[in-house]
$ cat query.cif   # mmCIF, C-alpha atoms and all ligand atoms
data_protein
#
loop_
_atom_site.label_atom_id
_atom_site.label_comp_id
_atom_site.auth_asym_id
_atom_site.auth_seq_id
_atom_site.Cartn_x
_atom_site.Cartn_y
_atom_site.Cartn_z
CA LYS A 1149 0.00 0.00 0.00
CA LYS A 1150 1.55 3.26 -1.15
CA ARG A 1151 1.66 6.52 0.78
CA ILE A 1152 1.77 9.67 -1.30
CA GLY A 1153 2.24 13.28 -0.30
CA ILE A 1154 0.67 16.35 -1.83
CA LEU A 1155 1.53 20.01 -1.42
CA THR A 1156 0.48 23.36 -2.82
CA SER A 1157 3.28 25.81 -3.52
CA GLY A 1158 3.60 29.43 -4.64
CA GLY A 1159 0.67 31.84 -4.97
CA ASP A 1160 -2.75 30.37 -4.36
CA CYS A 1161 -5.52 30.34 -6.94
CA ALA A 1162 -9.02 29.00 -7.32
CA GLY A 1163 -9.17 25.24 -7.91
CA LEU A 1164 -6.38 24.03 -5.63
CA ASN A 1165 -8.79 22.29 -3.28
CA ALA A 1166 -10.49 20.68 -6.26
CA VAL A 1167 -7.12 19.19 -7.25
CA ILE A 1168 -6.52 17.87 -3.73
CA ARG A 1169 -9.97 16.31 -3.69
CA ALA A 1170 -9.42 14.61 -7.05
CA VAL A 1171 -6.06 13.20 -5.95
CA VAL A 1172 -7.55 11.77 -2.77
CA HIS A 1173 -10.49 10.25 -4.62
CA ARG A 1174 -8.31 8.55 -7.21
CA ALA A 1175 -5.61 7.40 -4.79
CA VAL A 1176 -8.01 6.05 -2.18
CA LEU A 1177 -10.85 4.68 -4.29
CA THR A 1178 -8.90 3.25 -7.23
CA TYR A 1179 -5.61 2.24 -5.64
CA GLY A 1180 -6.32 2.03 -1.91
CA TRP A 1181 -3.37 4.32 -1.10
CA GLN A 1182 -2.92 6.76 1.75
CA VAL A 1183 -2.64 10.47 1.02
CA VAL A 1184 -1.02 13.04 3.27
CA GLY A 1185 -1.09 16.78 2.70
CA LEU A 1186 1.99 18.81 3.62
CA LYS A 1187 1.28 22.06 5.44
CA GLU A 1188 2.34 25.26 3.70
CA GLY A 1189 4.18 23.74 0.78
CA THR A 1190 7.71 22.54 1.40
CA GLN A 1191 7.66 24.36 4.75
CA GLY A 1192 5.79 21.38 6.16
CA PHE A 1193 8.83 19.19 5.52
CA LEU A 1194 11.05 21.52 7.54
CA HIS A 1195 9.16 20.94 10.80
CA ARG A 1196 9.99 18.07 13.15
CA PRO A 1197 7.79 16.18 13.36
CA VAL A 1198 6.83 16.98 9.78
CA ALA A 1199 3.72 19.20 9.58
CA TYR A 1200 1.15 17.27 7.60
CA GLN A 1201 -2.47 16.28 7.57
CA ALA A 1202 -3.86 12.85 6.64
CA LEU A 1203 -6.38 13.31 3.84
CA ASP A 1204 -9.25 10.87 3.68
CA LEU A 1205 -12.45 10.86 1.69
CA ARG A 1206 -14.53 12.32 4.47
CA MET A 1207 -12.19 15.27 4.70
CA VAL A 1208 -12.25 16.18 1.02
CA ASP A 1209 -15.92 15.61 0.29
CA GLY A 1210 -18.73 18.07 0.83
CA ASN A 1211 -17.84 21.65 0.17
CA MET A 1212 -14.17 21.32 -0.53
CA MET A 1213 -14.17 21.39 -4.32
CA ARG A 1214 -16.04 24.69 -4.22
CA MET A 1215 -13.70 26.45 -1.82
CA GLY A 1216 -11.09 28.99 -2.94
CA GLY A 1217 -7.58 28.99 -1.49
CA THR A 1218 -5.90 25.81 -0.31
CA ILE A 1219 -6.77 23.86 2.82
CA LEU A 1220 -3.11 22.92 3.10
CA GLY A 1221 -1.78 26.46 3.05
CA THR A 1222 0.99 27.54 0.72
CA THR A 1223 4.06 29.68 0.66
CA ASN A 1224 6.32 31.47 -1.74
CA ARG A 1225 8.77 32.10 1.04
CA GLY A 1226 12.17 30.67 0.72
CA ASP A 1227 14.10 28.56 -1.68
CA PRO A 1228 15.18 25.64 0.58
CA PHE A 1229 18.59 25.70 -1.11
CA ALA A 1230 19.05 29.30 0.07
CA TYR A 1231 16.53 29.67 2.84
CA PRO A 1232 16.25 33.08 4.50
CA MET A 1233 16.95 32.62 8.22
CA ALA A 1234 15.82 34.93 11.03
CA ASP A 1235 19.34 36.34 11.40
CA GLY A 1236 19.37 37.48 7.77
CA THR A 1237 21.64 34.70 6.48
CA LEU A 1238 20.76 32.15 3.78
CA LYS A 1239 21.00 28.48 4.61
CA ASP A 1240 20.80 25.32 2.50
CA ARG A 1241 17.97 23.36 4.13
CA SER A 1242 17.35 20.94 1.27
CA ASP A 1243 18.53 17.93 3.31
CA GLU A 1244 15.90 18.68 5.96
CA ILE A 1245 13.19 18.56 3.30
CA ILE A 1246 14.48 15.33 1.85
CA GLY A 1247 14.68 13.95 5.40
CA GLY A 1248 11.07 14.99 5.98
CA TYR A 1249 9.97 13.09 2.88
CA ARG A 1250 11.73 9.98 4.23
CA GLU A 1251 10.36 10.47 7.73
CA LEU A 1252 6.83 10.36 6.33
CA GLY A 1253 7.66 7.21 4.38
CA LEU A 1254 6.40 8.67 1.12
CA ASP A 1255 6.48 6.72 -2.13
CA ALA A 1256 5.80 9.81 -4.23
CA LEU A 1257 5.02 13.50 -3.99
CA ILE A 1258 2.53 15.53 -6.00
CA GLY A 1259 3.49 19.19 -6.21
CA ILE A 1260 0.82 21.66 -7.32
CA GLY A 1261 2.73 24.71 -8.48
CA GLY A 1262 3.98 27.09 -11.12
CA ASP A 1263 7.37 27.38 -12.78
CA GLY A 1264 9.22 28.72 -9.73
CA SER A 1265 7.93 25.97 -7.45
CA PHE A 1266 8.63 23.27 -10.01
CA ALA A 1267 12.24 24.39 -10.45
CA ILE A 1268 12.79 24.02 -6.69
CA LEU A 1269 10.83 20.77 -6.29
CA ARG A 1270 12.71 19.24 -9.18
CA LYS A 1271 16.06 20.16 -7.71
CA LEU A 1272 15.00 18.57 -4.42
CA ALA A 1273 13.73 15.47 -6.22
CA GLN A 1274 16.99 15.05 -8.10
CA LYS A 1275 19.13 15.52 -5.03
CA GLY A 1276 17.13 13.25 -2.74
CA GLY A 1277 15.59 10.72 -5.11
CA LEU A 1278 12.04 11.98 -4.51
CA ASN A 1279 9.40 10.63 -6.88
CA LEU A 1280 7.85 13.87 -8.08
CA VAL A 1281 4.76 14.52 -10.21
CA GLY A 1282 3.69 18.10 -10.99
CA ILE A 1283 0.25 19.64 -11.48
CA PRO A 1284 0.28 23.09 -13.10
CA LYS A 1285 -1.54 25.91 -11.38
CA THR A 1286 -1.25 29.62 -11.91
CA ILE A 1287 -3.71 32.37 -12.69
CA ASP A 1288 -1.06 33.75 -15.06
CA ASN A 1289 -1.21 30.73 -17.42
CA ASP A 1290 2.48 31.21 -18.12
CA LEU A 1291 3.64 27.60 -17.82
CA GLY A 1292 4.93 25.97 -20.98
CA LEU A 1293 3.55 22.86 -22.70
CA THR A 1294 0.08 23.06 -21.23
CA GLU A 1295 -2.76 25.01 -22.77
CA VAL A 1296 -4.21 25.80 -19.37
CA SER A 1297 -3.25 25.81 -15.72
CA VAL A 1298 -5.60 25.49 -12.79
CA GLY A 1299 -6.81 28.92 -11.66
CA TYR A 1300 -6.52 30.78 -14.96
CA ASP A 1301 -10.14 30.43 -16.06
CA THR A 1302 -11.46 31.68 -12.73
CA ALA A 1303 -9.11 34.67 -12.77
CA VAL A 1304 -10.24 35.58 -16.29
CA GLY A 1305 -13.84 35.21 -15.14
CA VAL A 1306 -13.31 37.63 -12.27
CA ALA A 1307 -11.70 40.17 -14.61
CA VAL A 1308 -14.56 39.82 -17.10
CA GLU A 1309 -17.08 40.32 -14.33
CA ALA A 1310 -15.21 43.49 -13.33
CA LEU A 1311 -15.52 44.78 -16.91
CA ASP A 1312 -19.21 43.87 -16.94
CA ARG A 1313 -19.61 46.01 -13.84
CA LEU A 1314 -17.41 48.84 -15.11
CA GLN A 1315 -19.17 49.17 -18.46
CA PRO A 1316 -22.48 50.62 -17.18
CA THR A 1317 -20.82 53.07 -14.85
CA ALA A 1318 -18.40 54.07 -17.63
CA ALA A 1319 -21.37 54.69 -19.94
CA SER A 1320 -23.38 56.60 -17.33
CA HIS A 1321 -20.52 59.01 -16.62
CA GLN A 1322 -18.94 59.06 -20.06
CA ARG A 1323 -15.63 57.94 -18.62
CA VAL A 1324 -12.67 55.91 -19.72
CA MET A 1325 -12.37 53.07 -17.22
CA VAL A 1326 -8.94 51.49 -16.81
CA LEU A 1327 -8.78 48.02 -15.29
CA GLU A 1328 -5.39 46.74 -14.16
CA VAL A 1329 -5.17 42.97 -13.97
CA MET A 1330 -2.56 40.50 -12.75
CA GLY A 1331 -0.61 38.06 -14.89
CA ARG A 1332 2.97 38.49 -13.76
CA ASP A 1333 5.14 38.97 -16.88
CA ALA A 1334 2.55 37.58 -19.30
CA GLY A 1335 -0.52 39.22 -20.78
CA HIS A 1336 -2.79 36.15 -20.89
CA ILE A 1337 -5.33 37.34 -18.32
CA ALA A 1338 -5.53 40.84 -19.80
CA LEU A 1339 -5.93 39.61 -23.35
CA ALA A 1340 -8.57 36.99 -22.61
CA ALA A 1341 -10.54 39.18 -20.21
CA GLY A 1342 -10.30 42.18 -22.50
CA ILE A 1343 -11.74 40.25 -25.43
CA ALA A 1344 -14.46 38.56 -23.40
CA GLY A 1345 -15.30 41.75 -21.53
CA GLY A 1346 -15.56 43.99 -24.58
CA ALA A 1347 -12.53 46.22 -23.98
CA ASP A 1348 -11.57 48.90 -26.49
CA VAL A 1349 -7.87 48.83 -25.60
CA ILE A 1350 -5.79 45.99 -24.14
CA LEU A 1351 -2.21 46.61 -23.08
CA ILE A 1352 0.03 43.59 -22.51
CA PRO A 1353 3.77 43.46 -21.77
CA GLU A 1354 4.47 41.52 -24.97
CA ILE A 1355 3.37 44.41 -27.21
CA GLN A 1356 4.84 47.91 -26.92
CA TYR A 1357 2.23 50.65 -26.75
CA THR A 1358 2.28 54.33 -27.52
CA ILE A 1359 -0.02 56.88 -25.92
CA GLU A 1360 -0.78 58.31 -29.37
CA SER A 1361 -2.11 54.97 -30.51
CA ILE A 1362 -4.30 54.53 -27.41
CA ALA A 1363 -5.59 58.10 -27.77
CA ALA A 1364 -6.36 57.51 -31.44
CA LYS A 1365 -8.50 54.51 -30.53
CA ILE A 1366 -10.42 56.48 -27.93
CA LYS A 1367 -11.03 59.26 -30.42
CA GLN A 1368 -12.20 56.73 -32.98
CA VAL A 1369 -14.66 55.32 -30.42
CA ARG A 1370 -15.95 58.83 -29.76
CA ALA A 1371 -16.35 59.42 -33.48
CA THR A 1372 -18.84 56.55 -33.54
CA GLY A 1373 -20.95 58.42 -30.99
CA ARG A 1374 -19.91 56.44 -27.95
CA ASN A 1375 -18.43 58.55 -25.22
CA PHE A 1376 -16.93 55.97 -22.92
CA ALA A 1377 -14.31 53.27 -23.21
CA LEU A 1378 -12.87 50.28 -21.38
CA VAL A 1379 -9.11 49.79 -21.17
CA VAL A 1380 -7.44 46.69 -19.73
CA VAL A 1381 -3.83 46.91 -18.60
CA SER A 1382 -1.67 44.00 -17.58
CA GLU A 1383 0.32 44.63 -14.41
CA ALA A 1384 3.69 44.04 -16.10
CA VAL A 1385 3.20 46.75 -18.73
CA LYS A 1386 5.94 49.34 -18.30
CA THR A 1387 5.78 53.11 -18.17
CA LEU A 1388 7.20 54.89 -21.19
CA ASP A 1389 9.84 56.76 -19.25
CA GLY A 1390 11.15 53.84 -17.24
CA GLY A 1391 11.83 53.53 -13.52
CA GLY A 1392 11.22 57.10 -12.39
CA ALA A 1393 7.57 57.35 -13.26
CA MET A 1394 6.98 53.78 -12.16
CA LYS A 1395 8.20 54.56 -8.64
CA GLU A 1396 5.82 57.47 -8.41
CA TYR A 1397 2.87 55.29 -9.34
CA GLN A 1398 3.96 52.21 -7.47
CA GLY A 1399 4.01 53.77 -4.04
CA GLY A 1400 7.34 52.48 -2.81
CA GLU A 1401 8.56 48.98 -3.30
CA LYS A 1402 5.25 47.35 -4.20
CA ARG A 1403 5.14 45.91 -7.66
CA TYR A 1404 1.39 45.92 -8.08
CA GLY A 1405 -1.11 48.65 -8.62
CA GLY A 1406 0.98 51.17 -10.50
CA ILE A 1407 0.70 50.98 -14.21
CA GLY A 1408 -3.08 51.37 -14.38
CA ALA A 1409 -2.92 54.77 -12.69
CA TYR A 1410 -0.11 55.85 -15.01
CA ILE A 1411 -2.03 54.84 -18.13
CA GLY A 1412 -5.18 56.47 -16.78
CA ASP A 1413 -3.34 59.77 -16.33
CA LYS A 1414 -1.76 59.58 -19.76
CA ILE A 1415 -5.13 58.91 -21.42
CA ALA A 1416 -6.68 61.85 -19.57
CA GLU A 1417 -3.85 64.13 -20.72
CA ALA A 1418 -3.97 62.97 -24.33
CA THR A 1419 -7.74 62.89 -24.83
CA GLY A 1420 -9.26 65.12 -22.16
CA ALA A 1421 -11.35 62.15 -21.04
CA GLU A 1422 -12.27 61.64 -17.45
CA THR A 1423 -10.54 58.45 -16.38
CA ARG A 1424 -10.96 56.14 -13.38
CA VAL A 1425 -8.72 53.25 -12.47
CA THR A 1426 -9.50 49.92 -10.82
CA VAL A 1427 -6.73 47.60 -9.66
CA LEU A 1428 -8.19 44.13 -9.41
CA GLY A 1429 -5.29 42.52 -7.53
CA HIS A 1430 -5.80 39.43 -5.42
CA VAL A 1431 -9.55 39.43 -6.00
CA GLN A 1432 -8.59 37.39 -9.08
CA ARG A 1433 -7.21 34.58 -6.97
CA GLY A 1434 -9.61 34.08 -4.15
CA SER A 1435 -12.96 32.96 -5.35
CA MET A 1436 -14.87 29.76 -5.96
CA PRO A 1437 -13.33 27.97 -8.93
CA SER A 1438 -15.23 28.22 -12.21
CA PRO A 1439 -16.72 24.98 -13.61
CA ARG A 1440 -13.88 24.77 -16.11
CA ASP A 1441 -11.24 25.10 -13.40
CA ARG A 1442 -12.98 22.37 -11.42
CA LEU A 1443 -12.91 20.13 -14.48
CA ILE A 1444 -9.25 20.80 -15.21
CA ALA A 1445 -8.37 20.30 -11.55
CA SER A 1446 -10.24 17.01 -11.46
CA ALA A 1447 -8.69 15.70 -14.68
CA PHE A 1448 -5.19 16.73 -13.61
CA GLY A 1449 -5.59 15.21 -10.14
CA VAL A 1450 -6.72 11.84 -11.47
CA HIS A 1451 -4.02 11.75 -14.13
CA ALA A 1452 -1.25 12.67 -11.68
CA VAL A 1453 -2.14 9.72 -9.44
CA ASP A 1454 -2.16 7.43 -12.48
CA LEU A 1455 1.35 8.59 -13.37
CA ILE A 1456 2.51 7.50 -9.92
CA ALA A 1457 0.82 4.13 -10.40
CA GLU A 1458 2.72 3.75 -13.67
CA GLY A 1459 6.00 4.77 -12.05
CA GLN A 1460 6.34 7.84 -14.26
CA PHE A 1461 8.09 10.62 -12.36
CA ASP A 1462 9.64 14.00 -12.99
CA ARG A 1463 6.62 14.70 -15.18
CA MET A 1464 3.89 17.35 -15.17
CA VAL A 1465 0.32 16.70 -16.26
CA ALA A 1466 -0.79 19.01 -19.02
CA TRP A 1467 -3.79 19.90 -21.15
CA SER A 1468 -3.20 19.55 -24.85
CA ASN A 1469 -5.59 19.38 -27.72
CA ARG A 1470 -8.58 18.14 -25.68
CA GLU A 1471 -6.49 15.58 -23.83
CA VAL A 1472 -4.66 15.24 -20.55
CA ILE A 1473 -1.07 14.32 -21.27
CA SER A 1474 2.16 14.48 -19.33
CA VAL A 1475 5.41 16.22 -20.19
CA PRO A 1476 8.84 16.36 -18.56
CA ILE A 1477 8.76 19.05 -15.85
CA ALA A 1478 12.11 20.32 -17.15
CA ASP A 1479 10.58 21.02 -20.57
CA ALA A 1480 7.52 22.74 -19.11
CA ILE A 1481 9.63 25.25 -17.20
CA ALA A 1482 12.34 25.68 -19.81
CA ARG A 1483 10.70 28.61 -21.54
CA TYR A 1484 8.43 31.27 -20.06
CA ALA A 1485 5.10 31.03 -21.89
CA CYS A 1486 3.97 34.57 -22.60
CA VAL A 1487 1.53 35.80 -25.25
CA GLU A 1488 2.74 35.19 -28.81
CA ALA A 1489 2.57 38.43 -30.76
CA ASP A 1490 0.92 36.63 -33.70
CA GLY A 1491 -1.07 34.16 -31.60
CA PRO A 1492 -4.78 33.42 -32.07
CA LEU A 1493 -6.09 35.74 -29.37
CA VAL A 1494 -3.94 38.64 -30.55
CA LYS A 1495 -5.39 38.08 -34.03
CA THR A 1496 -8.88 37.88 -32.56
CA ALA A 1497 -8.44 41.13 -30.69
CA ARG A 1498 -7.14 42.91 -33.77
CA GLY A 1499 -9.93 41.39 -35.84
CA LEU A 1500 -12.45 42.88 -33.45
CA GLY A 1501 -10.88 46.31 -33.78
CA ILE A 1502 -9.52 46.25 -30.24
CA SER A 1503 -6.41 48.37 -29.96
CA LEU A 1504 -3.35 46.66 -28.49
CA GLY A 1505 -1.75 50.06 -28.14
CA ASP A 1506 0.75 49.62 -30.97
O1 LIG B 1601 1.60 34.44 -10.02
C1 LIG B 1601 0.35 34.78 -9.52
C2 LIG B 1601 0.30 36.22 -9.09
O2 LIG B 1601 -0.99 36.51 -8.61
C3 LIG B 1601 0.71 37.22 -10.18
O3 LIG B 1601 -0.32 37.45 -11.11
C4 LIG B 1601 1.07 38.42 -9.34
O4 LIG B 1601 2.03 39.19 -10.01
C5 LIG B 1601 1.65 37.79 -8.10
O5 LIG B 1601 1.23 36.44 -8.07
C6 LIG B 1601 1.24 38.42 -6.81
O6 LIG B 1601 2.01 37.86 -5.80
P1 LIG B 1601 1.75 38.11 -4.26
O7 LIG B 1601 0.57 37.26 -3.86
O8 LIG B 1601 3.00 37.67 -3.61
O9 LIG B 1601 1.45 39.56 -4.06
#
$ encode --input "query.cif" --output "structure tokens" --more "lines below"
Ligand code: F6P
Amino acid sequence: KKRIGILTSGGDCAGLNAVIRAVVHRAVLTYGWQVVGLKEGTQGFLHRPVAYQALDLRMVDGNMMRMGGTILGTTNRGDPFAYPMADGTLKDRSDEIIGGYRELGLDALIGIGGDGSFAILRKLAQKGGLNLVGIPKTIDNDLGLTEVSVGYDTAVGVAVEALDRLQPTAASHQRVMVLEVMGRDAGHIALAAGIAGGADVILIPEIQYTIESIAAKIKQVRATGRNFALVVVSEAVKTLDGGGAMKEYQGGEKRYGGIGAYIGDKIAEATGAETRVTVLGHVQRGSMPSPRDRLIASAFGVHAVDLIAEGQFDRMVAWSNREVISVPIADAIARYACVEADGPLVKTARGLGISLGD
């Protein structure tokens, strides 16, 4: 009888609990295995005794698939190979994690994470002989070799709902509404939400904008008799004049919530429009998973357990062409998957007359 571990790592998103539920169902019902959930990602392995929770069917049934967040907790604190200690030094604690895996008597470990987490988990697996299987999750959808990651669809849904709510108030007040969305260094959320939410302008980090081009689009919209507009800006879009202006809009060291205000001001200057800015932030991560995210989470969870049963490790489950497949984790994280400048959604946006700012 096998004993497998599962952990959630990096930023949370909707659908993590649905993955955990699926893994427990498959492991317990099909294979009769035990499942243990590590607390707060790899942090759980650093405690002695190891901080974990036995996961049985009773625990994961009921409301769990619907819940946002992760019942196991997560962390993006600390690479165990250079772990930040209280005294300010960095310490290699990888052996403690590998020891924790042995202490629990695990046969395999399922890591639910994004590229950063996978790079670390893989390094640990290679050093300590851990049998690792990865499940991709990130609202940013920036992992390679999978069409979707758990959490992306829900995040897009939240951003579309925001646009649905901004549109009537934009129209009532004849304003240009700027919505800043997350996505880390990729424009996937902005592009998808902007198309589905009827934006007039979508700015993503993969395409360089000019204020003139954005202003021209707003003027063109006005020429059709419509006196409001919706603009979606991805958080990683840069200011035109580099670091200086960014600091001013960022409010110190924080990386989020800056560029929307900057673009809003620039649009107001260039067009005379009244602009208002909404920064969506973590609202995109913390809701009930959409039906599609629940489906992806369920399919990924089942398939990951099957990979363990087949003895296939160092692989990540992935969605490809209507199928669940698996790919080497190393290949999935080898290249950052941002928006392709001639990809289908960019073409769709242009085909709809949406300005991408260029
Ligand atoms: O990677 C997910 C994500 O939500 C990004 O979109 C965003 O840039 C970042 O994480 C926010 O991180 P934190 O939760 O640490 O503020």
$ residues_near_ligand --input "query.cif" --ligand "ligand LIG 1601 (chain B)" --cutoff "8 Å" --atoms "all atoms listed in the file" --output "ChimeraX atom specification"
/A:1158-1161,1224,1262,1286-1288,1329-1333,1383-1384,1403-1404,1429-1430,1432-1433
$ atom_distance --input "query.cif" --atom1 "CA of Arg1225 in chain A" --atom2 "CA of Asn1165 in chain A"
20.6 Å
$ closest_residue --input "query.cif" --among "A:Tyr1410, A:Tyr1300, A:Tyr1179, A:Tyr1249" --to "Ile1154 in chain A" --atoms "all atoms listed in the file"
A:Tyr1249
$ atom_distance --input "query.cif" --atom1 "CA of Val1172 in chain A" --atom2 "CA of Val1208 in chain A"
7.5 Å
$ closest_residue --input "query.cif" --among "A:Leu1428, A:Ile1152, A:Ala1166, A:Leu1378" --to "Ile1219 in chain A" --atoms "only C-alpha atoms"
A:Ala1166
$ residues_around --input "query.cif" --residues "Gly1449 in chain A" --least-positions-apart "6" --cutoff "10 Å" --atoms "only C-alpha atoms" --output "ChimeraX atom specification"
/A:1164,1166-1175,1258,1260,1282-1283,1443,1465
